[in-house]
Amino acid sequence: MFLQNFLVALPLFCIIGLGYVFARFKVVSIEIGNTLSKFSFTVTIPILLFRLMSDLPKLPAPNWLIGVAFFGSCFIVFAIGYFIGRKFLHLDRDGQTIFGMAGVFSNNIQLGVPLAISLLGKESLPSIAVIFSLNGFLMWTLATIAIELGRNKNPSLLKTFIKGTSATIRNPIVIGIVLGAVWGLTRLTLPAPAQKAVDLLANSAAPIALFAVGVGLTQYRITSNLRITSAVTILKLGVQPFVVMVLCHLIGLNLEETKAACLLACLPVGVNVYIMSQEFHTMQGETANALLITTALASFTVPMTLTIFGLT
């Protein structure tokens, strides 16, 4: 079962490796990688999700309790990471927050979408749509509140909530999901030329996003902060999938929903965590390390985790 899952996921990670090699040998530049990443985030992945979500009426209705399992694990593991950062790694409050976020904020979009479709099929779409639509809003809001609580004893929670809600509404991923679901409910079909254009862009989403991930990884270097990086890796690739699995069983989610939640939980650290570290001016090197190492390890740990949990 591990070999089967590994071979299904391997081509996706090979594309990441290809992007890394091309950038390392200066065949493509970092600027090209950044442009491809922006293009995939704002155009191809939203269109892919639009196409998939337009078939939503043909699929079972999403169980919103999957959000309780997935984001419940995020809050639990974030709290564990925050405690470890303070008690054992002696980080300041900003560092504790970024350390905790690195343990729960996955690369859901660029890697999660292709892997979910390859490993789980379209049946996982309602479940992953629930998580995708809430992930950025909840994670950024959690991080911002935690940072503000550390810096300011009276943070404006309402202002933070409004800012997070506004960013979520304008998120291209969320727009693609919502428009696709609405279009699907109309039971209409696109004109043939428009459908062909959608198919061409949607089919390019996974390779463009994964290649951009590989190019982007060349910006990061392994530094001496391996103690912190190792702790993040254990939290992200080990602890969070286990906590999600437990919560899925406690809540009573079915097999397909449990597969989707666990797959997204065992993904590597997302680039948003590195953006957070830059935004709050803390732990940039450690976060870059974690992003690079967890992405390299995920080609083995993702299929291994699904196999160990019996989610095949």
# chains A, B, ... in the order shown; residues from 1 in each chain; ligands from 1
>>> residues_around(residues="Asn254 in chain A", least_positions_apart="5", cutoff="10 Å", atoms="only C-alpha atoms", output="PyMOL selection string")
chain A and resi 63+66+248-249+259
>>> residues_around(residues="Ile109 in chain A", least_positions_apart="2", cutoff="8 Å", atoms="only C-alpha atoms", output="PyMOL selection string")
chain A and resi 41+45+107+111-113+132
>>> select_by_dssp(residues="range 83-218 of chain A", states="alpha helix (DSSP H)", output="PyMOL selection string")
chain A and resi 83-87+93-102+113-115+125-151+157-169+172-186+192-217
>>> closest_residue(among="A:Ile98, A:Ala181, A:Ile145, A:Val77", to="Phe50 in chain A", atoms="only C-alpha atoms")
A:Ala181
>>> residues_around(residues="Thr229 in chain A", least_positions_apart="4", cutoff="8 Å", atoms="only C-alpha atoms", output="list in words")
Asn225, Thr233, Glu286, Thr287, Asn289 and Ala290 of chain A
